[in-house]
file query-v1.txt (compact mmCIF, C-alpha atoms)
# COMPACT_ATOMS: atom_id res chain seq x y z
CA MET P 295 104.76 77.89 83.78
CA LYS P 296 103.34 81.39 83.65
CA ARG P 297 105.06 84.28 81.90
CA GLN P 298 107.16 86.44 84.19
CA HIS P 299 106.55 90.18 84.48
CA CYS P 300 108.81 93.00 85.60
CA PRO P 301 108.58 93.32 89.39
CA VAL P 302 106.55 96.25 90.72
CA VAL P 303 108.74 98.62 92.74
CA LEU P 304 106.76 99.50 95.87
CA ASP P 305 106.39 103.20 96.61
CA PRO P 306 107.98 103.69 100.06
CA THR P 307 105.87 106.82 100.64
CA GLY P 308 102.62 104.86 100.39
CA THR P 309 101.06 107.59 98.25
CA ASN P 310 98.30 105.34 96.87
CA ILE P 311 98.46 101.86 98.33
CA HIS P 312 95.31 100.52 96.71
CA ALA P 313 96.21 101.74 93.22
CA GLU P 314 99.61 100.12 93.61
CA ILE P 315 98.05 96.83 94.73
CA SER P 316 95.77 96.96 91.69
CA ARG P 317 98.85 97.20 89.48
CA ILE P 318 100.37 94.24 91.29
CA ARG P 319 97.14 92.25 90.88
CA GLU P 320 97.14 92.99 87.14
CA GLN P 321 100.43 91.10 86.90
CA GLY P 322 98.83 88.09 88.57
CA PRO P 323 97.86 86.87 92.04
CA VAL P 324 101.46 85.81 92.66
CA THR P 325 104.07 88.20 91.34
CA GLN P 326 107.34 89.80 92.36
CA VAL P 327 107.75 93.22 93.95
CA VAL P 328 110.81 95.23 94.93
CA LEU P 329 111.16 96.46 98.51
CA PRO P 330 113.49 99.22 99.76
CA GLY P 331 117.13 98.36 99.29
CA GLY P 332 116.37 96.45 96.09
CA VAL P 333 115.14 93.37 97.96
CA THR P 334 112.83 91.30 95.76
CA ALA P 335 109.91 89.40 97.29
CA TRP P 336 106.87 87.49 96.09
CA SER P 337 103.62 89.40 96.57
CA ILE P 338 100.36 87.49 96.96
CA THR P 339 97.13 89.45 96.55
CA ASP P 340 94.62 86.64 95.97
CA ALA P 341 92.56 86.03 99.14
CA ASP P 342 92.46 82.25 98.81
CA LEU P 343 96.16 82.00 98.02
CA VAL P 344 97.02 84.29 100.94
CA LYS P 345 95.18 81.96 103.30
CA ARG P 346 96.91 78.94 101.78
CA VAL P 347 100.31 80.51 102.31
CA MET P 348 99.48 81.49 105.89
CA LEU P 349 98.46 77.90 106.66
CA ASP P 350 101.30 76.18 104.77
CA PRO P 351 103.85 74.58 107.15
CA ARG P 352 106.45 75.04 104.41
CA VAL P 353 106.24 78.80 104.93
CA SER P 354 108.18 80.33 107.84
CA LYS P 355 108.46 83.80 109.38
CA ASP P 356 111.89 83.14 110.89
CA ALA P 357 114.53 84.95 108.83
CA GLU P 358 117.33 83.61 111.03
CA LEU P 359 116.45 80.07 109.95
CA HIS P 360 114.95 80.36 106.49
CA TRP P 361 116.11 83.50 104.63
CA PRO P 362 119.58 82.78 103.20
CA ALA P 363 120.10 86.37 101.99
CA TRP P 364 119.59 87.61 105.57
CA ILE P 365 121.68 84.86 107.16
CA SER P 366 124.61 85.45 104.79
CA GLY P 367 124.51 89.22 105.14
CA GLU P 368 123.55 89.82 101.53
CA VAL P 369 120.63 91.71 103.05
CA PRO P 370 122.46 93.68 105.75
CA ARG P 371 121.35 94.33 109.30
CA THR P 372 121.16 97.99 108.28
CA TRP P 373 118.36 97.26 105.79
CA PRO P 374 115.56 99.83 106.33
CA LEU P 375 113.04 97.09 107.17
CA ALA P 376 115.49 95.07 109.26
CA ILE P 377 113.55 95.42 112.50
CA TRP P 378 110.60 93.62 110.90
CA VAL P 379 112.63 90.45 110.40
CA SER P 380 115.26 90.66 113.16
CA VAL P 381 112.92 90.69 116.17
CA ARG P 382 112.80 87.50 118.22
CA SER P 383 109.16 87.19 119.25
CA MET P 384 106.16 85.11 118.27
CA ILE P 385 105.61 87.34 115.22
CA THR P 386 108.74 85.89 113.59
CA ALA P 387 108.95 82.49 115.31
CA TYR P 388 108.37 79.19 113.52
CA GLY P 389 106.89 75.88 114.63
CA GLU P 390 107.37 74.91 118.27
CA GLU P 391 109.19 78.16 119.01
CA HIS P 392 106.11 80.10 117.96
CA SER P 393 103.85 77.96 120.17
CA ARG P 394 106.15 78.48 123.16
CA LEU P 395 106.22 82.26 122.82
CA ARG P 396 102.52 82.63 122.00
CA LYS P 397 101.55 80.65 125.09
CA LEU P 398 103.29 83.18 127.33
CA VAL P 399 100.92 86.01 126.39
CA SER P 400 97.78 84.25 125.16
CA GLN P 401 96.02 84.33 128.54
CA ALA P 402 96.32 88.12 128.72
CA PHE P 403 94.10 88.40 125.63
CA ALA P 404 91.57 85.70 126.46
CA ALA P 405 87.95 86.67 125.79
CA ARG P 406 87.08 86.98 129.47
CA ARG P 407 90.01 89.29 130.17
CA THR P 408 89.30 91.36 127.08
CA MET P 409 85.67 91.94 128.12
CA ALA P 410 86.88 92.87 131.60
CA LEU P 411 88.60 95.86 129.98
CA LYS P 412 85.31 97.21 128.61
CA PRO P 413 84.56 99.59 131.54
CA ARG P 414 88.07 101.02 131.32
CA ILE P 415 87.81 101.50 127.55
CA GLU P 416 84.48 103.27 128.01
CA ALA P 417 85.96 105.52 130.70
CA VAL P 418 88.99 106.49 128.60
CA THR P 419 86.73 107.12 125.60
CA ALA P 420 84.41 109.35 127.65
CA ASP P 421 87.37 111.34 128.96
CA LEU P 422 88.74 111.90 125.46
CA LEU P 423 85.32 112.98 124.19
CA ASP P 424 85.02 115.45 127.08
CA ARG P 425 88.34 116.96 126.04
CA LEU P 426 87.15 117.24 122.45
CA ALA P 427 83.93 118.89 123.62
CA ALA P 428 86.02 121.63 125.26
CA VAL P 429 87.51 122.69 121.91
CA PRO P 430 86.09 126.07 120.81
CA ALA P 431 83.31 125.86 118.23
CA GLY P 432 84.54 125.98 114.66
CA GLN P 433 88.13 125.08 115.51
CA PRO P 434 89.41 122.07 113.51
CA VAL P 435 90.64 119.08 115.48
CA ASP P 436 92.96 116.29 114.34
CA LEU P 437 90.80 113.31 115.23
CA ARG P 438 93.66 110.88 114.72
CA ALA P 439 95.98 112.67 117.14
CA GLU P 440 93.35 113.64 119.70
CA PHE P 441 91.12 110.55 119.72
CA ALA P 442 92.14 107.63 117.50
CA ALA P 443 95.67 107.43 118.92
CA PRO P 444 95.31 108.25 122.65
CA LEU P 445 92.64 105.62 123.30
CA PRO P 446 94.52 102.45 122.25
CA VAL P 447 97.81 103.86 123.50
CA GLN P 448 96.40 104.34 126.98
CA VAL P 449 94.68 100.95 127.00
CA ILE P 450 97.71 98.93 125.89
CA CYS P 451 100.11 100.91 128.09
CA GLU P 452 97.95 100.26 131.14
CA LEU P 453 97.76 96.57 130.25
CA LEU P 454 101.55 96.41 129.93
CA GLY P 455 102.21 98.65 132.93
CA ILE P 456 104.14 101.27 130.96
CA PRO P 457 104.49 104.45 133.05
CA GLU P 458 103.06 107.66 131.64
CA ASP P 459 106.43 109.40 131.40
CA ALA P 460 107.71 106.66 129.04
CA ARG P 461 104.71 106.45 126.71
CA ASP P 462 105.27 109.36 124.35
CA ARG P 463 108.88 108.42 123.67
CA LEU P 464 108.04 104.79 122.97
CA ARG P 465 105.12 105.73 120.76
CA GLU P 466 107.19 108.14 118.66
CA LEU P 467 109.95 105.57 118.17
CA ILE P 468 107.54 102.77 117.28
CA ASP P 469 105.66 105.02 114.86
CA ILE P 470 108.86 105.45 112.85
CA THR P 471 109.30 101.68 112.49
CA PHE P 472 106.07 101.60 110.47
CA LEU P 473 107.28 104.28 108.04
CA THR P 474 108.85 102.76 104.94
CA SER P 475 110.02 106.12 103.58
CA VAL P 476 112.84 106.59 106.11
CA SER P 477 116.44 106.06 105.06
CA ALA P 478 118.54 103.14 106.22
CA GLU P 479 120.47 105.51 108.49
CA GLU P 480 117.30 106.89 110.06
CA ALA P 481 115.86 103.42 110.54
CA GLU P 482 119.05 102.17 112.19
CA ALA P 483 119.28 105.17 114.52
CA ASN P 484 115.63 104.85 115.46
CA GLY P 485 116.09 101.14 116.16
CA ARG P 486 118.97 101.87 118.54
CA GLU P 487 116.93 104.46 120.42
CA LEU P 488 113.94 102.13 120.54
CA TYR P 489 115.90 99.30 122.12
CA ILE P 490 117.49 101.67 124.64
CA ALA P 491 113.98 102.72 125.69
CA LEU P 492 112.76 99.11 125.85
CA HIS P 493 115.72 97.96 127.92
CA GLU P 494 115.15 100.88 130.30
CA LEU P 495 111.50 99.90 130.60
CA VAL P 496 112.31 96.27 131.36
CA ALA P 497 114.93 97.29 133.93
CA ALA P 498 112.46 99.62 135.65
CA LYS P 499 109.73 96.97 135.74
CA ARG P 500 112.15 94.38 137.04
CA ALA P 501 113.14 96.74 139.87
CA THR P 502 109.53 97.66 140.63
CA PRO P 503 107.17 95.00 139.29
CA GLY P 504 103.43 95.54 139.13
CA ASP P 505 100.23 93.71 138.24
CA ASP P 506 100.76 93.97 134.50
CA LEU P 507 101.81 91.94 131.48
CA THR P 508 105.38 93.26 131.32
CA SER P 509 106.00 92.26 134.94
CA ALA P 510 104.48 88.85 134.24
CA LEU P 511 106.81 88.31 131.28
CA ILE P 512 109.81 89.37 133.36
CA ALA P 513 108.77 86.93 136.09
CA ALA P 514 108.43 84.18 133.50
CA ARG P 515 111.92 84.97 132.26
CA ASP P 516 113.54 85.25 135.70
CA ASP P 517 111.70 82.60 137.71
CA HIS P 518 110.70 79.86 135.27
CA GLU P 519 113.53 78.34 133.29
CA GLU P 520 111.13 75.97 131.52
CA THR P 521 109.75 78.87 129.46
CA GLY P 522 113.09 79.18 127.70
CA LEU P 523 112.45 82.90 127.32
CA SER P 524 115.67 84.71 126.43
CA HIS P 525 116.23 88.35 127.33
CA GLN P 526 115.98 89.31 123.65
CA GLU P 527 112.68 87.45 123.33
CA LEU P 528 111.41 89.23 126.44
CA VAL P 529 112.26 92.67 125.08
CA ASP P 530 110.94 91.90 121.61
CA THR P 531 107.71 90.47 122.98
CA VAL P 532 107.13 93.71 124.89
CA LEU P 533 107.85 95.59 121.65
CA LEU P 534 105.35 93.45 119.77
CA MET P 535 102.65 93.97 122.39
CA ILE P 536 103.09 97.75 122.38
CA SER P 537 103.28 98.22 118.62
CA ALA P 538 100.60 95.73 117.61
CA GLY P 539 98.48 96.78 120.55
CA TYR P 540 97.91 100.29 119.33
CA GLU P 541 98.98 100.82 115.70
CA THR P 542 96.26 98.58 114.27
CA THR P 543 93.57 100.19 116.41
CA VAL P 544 94.70 103.75 115.65
CA ASN P 545 94.37 103.05 111.93
CA LEU P 546 91.09 101.20 112.43
CA LEU P 547 89.53 104.16 114.26
CA ASP P 548 91.00 106.61 111.75
CA ASN P 549 89.77 104.65 108.71
CA GLY P 550 86.40 103.81 110.25
CA ALA P 551 85.62 107.43 111.10
CA HIS P 552 86.79 108.60 107.68
CA ALA P 553 84.64 106.00 105.92
CA LEU P 554 81.49 107.22 107.64
CA LEU P 555 82.35 110.90 107.26
CA THR P 556 82.72 110.47 103.50
CA ARG P 557 79.68 108.19 103.09
CA PRO P 558 76.69 109.83 104.79
CA GLU P 559 74.33 107.12 103.54
CA GLN P 560 76.35 104.53 105.47
CA LEU P 561 76.30 106.66 108.61
CA ALA P 562 72.53 107.09 108.26
CA LEU P 563 72.19 103.33 107.89
CA VAL P 564 74.02 102.57 111.12
CA ARG P 565 72.09 105.26 112.97
CA SER P 566 68.79 103.80 111.78
CA GLY P 567 69.78 100.33 112.93
CA GLY P 568 70.10 98.99 109.40
CA VAL P 569 73.61 97.80 110.25
CA SER P 570 75.46 97.50 113.54
CA TRP P 571 78.64 99.19 114.67
CA GLU P 572 80.22 95.74 114.56
CA ASP P 573 79.33 95.63 110.84
CA VAL P 574 81.00 99.02 110.33
CA VAL P 575 84.15 97.78 112.04
CA GLU P 576 84.30 94.59 109.96
CA GLU P 577 83.77 96.41 106.66
CA THR P 578 86.48 98.90 107.63
CA LEU P 579 88.84 96.03 108.38
CA ARG P 580 88.06 94.58 104.96
CA VAL P 581 88.25 97.63 102.71
CA GLU P 582 90.83 99.69 104.66
CA PRO P 583 92.78 97.24 106.85
CA PRO P 584 95.19 98.81 109.36
CA GLY P 585 98.07 97.01 107.67
CA ALA P 586 98.37 96.87 103.88
CA HIS P 587 101.15 94.29 103.59
CA ILE P 588 102.80 91.92 106.07
CA PRO P 589 106.55 91.32 105.76
CA LEU P 590 108.00 88.73 105.52
CA ARG P 591 107.60 84.98 105.15
CA TYR P 592 110.03 82.50 103.57
CA ALA P 593 109.67 79.29 101.62
CA THR P 594 111.38 76.47 103.54
CA GLU P 595 111.40 74.41 100.34
CA ASP P 596 110.38 74.95 96.74
CA ILE P 597 106.64 75.67 96.71
CA GLU P 598 104.37 75.79 93.67
CA ILE P 599 101.57 78.35 93.91
CA ASP P 600 99.28 79.32 91.06
CA GLY P 601 101.70 77.99 88.49
CA HIS P 602 104.72 79.75 90.00
CA VAL P 603 107.54 78.00 91.83
CA LEU P 604 108.61 79.99 94.88
CA PRO P 605 112.19 78.79 95.40
CA LYS P 606 113.39 77.71 98.81
CA GLY P 607 114.55 80.72 100.80
CA ASP P 608 112.66 83.32 98.76
CA PRO P 609 110.84 85.99 100.80
CA ILE P 610 107.06 86.30 100.54
CA MET P 611 104.93 89.33 101.39
CA VAL P 612 101.20 88.78 101.75
CA SER P 613 98.93 91.66 100.80
CA ILE P 614 96.24 92.07 103.44
CA ALA P 615 94.73 95.02 101.58
CA GLY P 616 94.82 93.10 98.32
CA ALA P 617 93.00 90.13 99.82
CA GLY P 618 90.40 92.42 101.38
CA ARG P 619 89.51 93.86 97.97
CA ASP P 620 89.77 90.64 96.00
CA PRO P 621 86.93 90.85 93.43
CA LYS P 622 86.70 87.06 93.32
CA VAL P 623 85.50 87.18 96.93
CA HIS P 624 83.77 90.56 97.17
CA GLY P 625 82.58 91.16 93.61
CA GLU P 626 82.93 94.12 91.27
CA THR P 627 82.26 96.58 94.11
CA ALA P 628 85.12 95.25 96.25
CA ASP P 629 86.69 98.74 96.43
CA ARG P 630 83.52 100.29 97.87
CA PHE P 631 82.73 100.59 101.60
CA ASP P 632 79.38 98.92 102.25
CA ALA P 633 78.59 97.77 105.79
CA THR P 634 75.69 95.65 104.46
CA ARG P 635 78.08 93.60 102.31
CA PRO P 636 77.50 89.87 102.97
CA THR P 637 81.24 89.21 102.76
CA ARG P 638 82.29 92.01 105.13
CA ARG P 639 83.69 89.53 107.65
CA GLU P 640 85.67 87.64 105.03
CA HIS P 641 88.95 89.48 105.53
CA ILE P 642 92.34 88.69 107.00
CA ALA P 643 93.09 92.05 108.59
CA PHE P 644 94.30 90.27 111.73
CA GLY P 645 96.07 87.47 109.91
CA HIS P 646 95.14 83.83 109.50
CA GLY P 647 96.27 80.54 110.96
CA VAL P 648 98.79 80.19 113.78
CA HIS P 649 99.87 83.84 113.54
CA TYR P 650 96.33 85.20 113.92
CA CYS P 651 96.53 88.33 116.07
CA LEU P 652 95.87 87.65 119.76
CA GLY P 653 94.75 91.25 120.22
CA ALA P 654 92.02 91.13 117.55
CA PRO P 655 89.13 90.92 120.08
CA LEU P 656 90.54 93.90 121.98
CA ALA P 657 90.94 95.97 118.81
CA ARG P 658 87.39 95.15 117.74
CA LEU P 659 86.02 96.04 121.17
CA GLU P 660 87.88 99.35 121.29
CA ALA P 661 86.77 100.30 117.78
CA THR P 662 83.11 99.40 118.33
CA LEU P 663 82.88 101.29 121.62
CA ALA P 664 84.88 104.30 120.46
CA LEU P 665 83.22 104.87 117.08
CA SER P 666 79.70 104.50 118.45
CA ALA P 667 80.44 106.90 121.32
CA LEU P 668 82.14 109.41 118.99
CA PHE P 669 79.24 109.73 116.57
CA GLU P 670 76.68 109.75 119.39
CA ARG P 671 78.49 112.58 121.18
CA PHE P 672 79.04 114.60 117.99
CA PRO P 673 76.17 113.79 115.60
CA GLY P 674 77.19 116.64 113.29
CA LEU P 675 80.83 115.56 113.07
CA ALA P 676 82.26 116.52 109.67
CA LEU P 677 85.54 116.69 107.81
CA ALA P 678 87.17 120.10 108.21
CA GLU P 679 88.28 120.16 104.57
CA PRO P 680 85.99 117.76 102.70
CA ASP P 681 87.32 118.72 99.27
CA ARG P 682 90.98 118.20 100.14
CA PRO P 683 92.40 114.65 99.95
CA LEU P 684 93.94 113.41 103.18
CA ARG P 685 97.64 112.63 103.21
CA PRO P 686 98.42 108.95 103.85
CA LEU P 687 101.06 107.67 106.22
CA GLU P 688 104.42 107.39 104.48
CA SER P 689 104.28 103.62 104.45
CA PHE P 690 103.26 100.64 102.35
CA LEU P 691 102.87 98.65 105.58
CA SER P 692 100.71 100.83 107.83
CA ASN P 693 97.46 102.02 106.25
CA GLY P 694 96.12 105.24 107.73
CA HIS P 695 96.23 109.03 107.47
CA ARG P 696 98.84 111.42 108.80
CA THR P 697 96.05 113.61 110.14
CA LEU P 698 92.24 113.51 110.16
CA PRO P 699 91.04 117.14 110.56
CA VAL P 700 87.38 117.38 111.62
CA LEU P 701 84.87 119.90 112.91
CA LEU P 702 83.03 118.87 116.07
CA LYS P 703 79.33 119.55 115.80
CA SER P 704 76.87 118.41 118.45

call {"tool": "encode", "arguments": {"input": "query-v1.txt", "output": "structure tokens"}}
result
Amino acid sequence: MKRQHCPVVLDPTGTNIHAEISRIREQGPVTQVVLPGGVTAWSITDADLVKRVMLDPRVSKDAELHWPAWISGEVPRTWPLAIWVSVRSMITAYGEEHSRLRKLVSQAFAARRTMALKPRIEAVTADLLDRLAAVPAGQPVDLRAEFAAPLPVQVICELLGIPEDARDRLRELIDITFLTSVSAEEAEANGRELYIALHELVAAKRATPGDDLTSALIAARDDHEETGLSHQELVDTVLLMISAGYETTVNLLDNGAHALLTRPEQLALVRSGGVSWEDVVEETLRVEPPGAHIPLRYATEDIEIDGHVLPKGDPIMVSIAGAGRDPKVHGETADRFDATRPTRREHIAFGHGVHYCLGAPLARLEATLALSALFERFPGLALAEPDRPLRPLESFLSNGHRTLPVLLKS
């Protein structure tokens, strides 16, 4: 057996995610880390091992079935990351339960339906760019707040049928769930407010259904007993669709724009046709994935991985960002953004196996259309403060910037 190291205590403020993952990797591809509240989990940063874990039927995402510390209350329901393991949707389901829940929403994200959204994505993008063009010359603009966020928020809210007057509140509450720096009290209060808002949304859509995914889920719950969809699963599935439907794309647009703004040779390459916008998106997903870590999975029996025995019931956290920069896959320059990289598509930014993100094609489509339109409309786009480091989100889960100040130059 391999020598044990002291667990790495994760920085809840996410000050330097990649440096922290490098420290974890130095301890080995499978090592222990400490989460908020003193919860210890196994971290896996090796790309091949991450894929193995994601495909292993002895690994579950259902805390209610397979995490004894959660079931017994040793990890309390007030734990700061509780919402990540307590939700009852396909993101935490195991086995047949996962298949049942995934089937309910899979058709909404089929390739044909995703491509049907292209004209709407283009229209929303054009409208946002028109608004940016109206900003006085020389005035800095937060590209994350004014472009990267509104686009996916509007697209997913229209798909789910969320009324405009409910969007800002839901977005603010969901944003907080991704922050790992909040206290247990703040997380618990935010969770209560979030579920109040979700229950109000479901009640409103049940009273006045529309041609949208939320109404379809409510109909499946109310009219088709064979789906077995509980009310909690209904609410949590809506939560999953909203949060996953925009957070990943916001960070993808943020990180993709920042990568090109700080690497003019890469921007010149895409403009010359040396690489495609699809290549830019894939390399962004690899080197700066929207999510750095994914909590949590659990060993349903003792599992040996890379010389370590992960005991039954132990939590596992896979490192998406670690796998994306694995030097064994991407070489010595794994930390460098390079859209010509042959391995740019060899990432797991959207997961792997049965839990692969249904919304991945939509996120890719939004990012490709939005980034290409942004740099075409503003060819002189530049960072407003190129010498000042950007502040990251206060999270070791969500990988993005708090703000992305730019100057719009045509």

call {"tool": "atom_distance", "arguments": {"input": "query-v1.txt", "atom1": "atom CA of Val447 of chain P", "atom2": "atom CA of Leu687 of chain P"}}
result
18.0 Å

call {"tool": "residues_around", "arguments": {"input": "query-v1.txt", "residues": "segment 357-372 of chain P", "least_positions_apart": "2", "cutoff": "8 Å", "atoms": "all atoms listed in the file", "output": "PyMOL selection string"}}
result
chain P and resi 333+354-355+374+376+379-380+386+478-479+481-482+591-594+607-609

call {"tool": "atom_distance", "arguments": {"input": "query-v1.txt", "atom1": "atom CA of Ala498 of chain P", "atom2": "atom CA of Arg414 of chain P"}}
result
24.8 Å

call {"tool": "residues_around", "arguments": {"input": "query-v1.txt", "residues": "Ser400 of chain P", "least_positions_apart": "3", "cutoff": "12 Å", "atoms": "only C-alpha atoms", "output": "MDAnalysis selection string"}}
result
chainID P and resid 384 392:397 403:408 507 511 531 535 649:654

call {"tool": "residues_around", "arguments": {"input": "query-v1.txt", "residues": "Ala615 of chain P", "least_positions_apart": "6", "cutoff": "7 Å", "atoms": "all atoms listed in the file", "output": "ChimeraX atom specification"}}
result
/P:582-583,586-587

call {"tool": "residues_around", "arguments": {"input": "query-v1.txt", "residues": "segment 616-624 of chain P", "least_positions_apart": "5", "cutoff": "9 Å", "atoms": "all atoms listed in the file", "output": "JSON, numbers by chain"}}
result
{"P": [312, 315, 316, 319, 338, 339, 340, 341, 342, 343, 344, 579, 580, 581, 582, 583, 586, 587, 629, 630, 635, 636, 637, 638, 640, 641, 642, 643]}

call {"tool": "residues_around", "arguments": {"input": "query-v1.txt", "residues": "segment 551-562 of chain P", "least_positions_apart": "5", "cutoff": "8 Å", "atoms": "only C-alpha atoms", "output": "ChimeraX atom specification"}}
result
/P:578,631-633,665,675-677,698

call {"tool": "atom_distance", "arguments": {"input": "query-v1.txt", "atom1": "atom CA of Ala442 of chain P", "atom2": "atom CA of Leu547 of chain P"}}
result
5.4 Å

call {"tool": "closest_residue", "arguments": {"input": "query-v1.txt", "among": "P:Arg463, P:Arg438, P:Arg671, P:Arg500", "to": "Ala420 of chain P", "atoms": "all atoms listed in the file"}}
result
P:Arg671

call {"tool": "residues_near_point", "arguments": {"input": "query-v1.txt", "point": "(82.2, 93.1, 125.0)", "cutoff": "10 Å", "atoms": "only C-alpha atoms", "output": "PyMOL selection string"}}
result
chain P and resi 405-406+408-413+655-656+658-660+662-663

call {"tool": "closest_residue", "arguments": {"input": "query-v1.txt", "among": "P:Glu390, P:Asp517, P:Asp548, P:Asp462", "to": "Phe441 of chain P", "atoms": "only C-alpha atoms"}}
result
P:Asp548
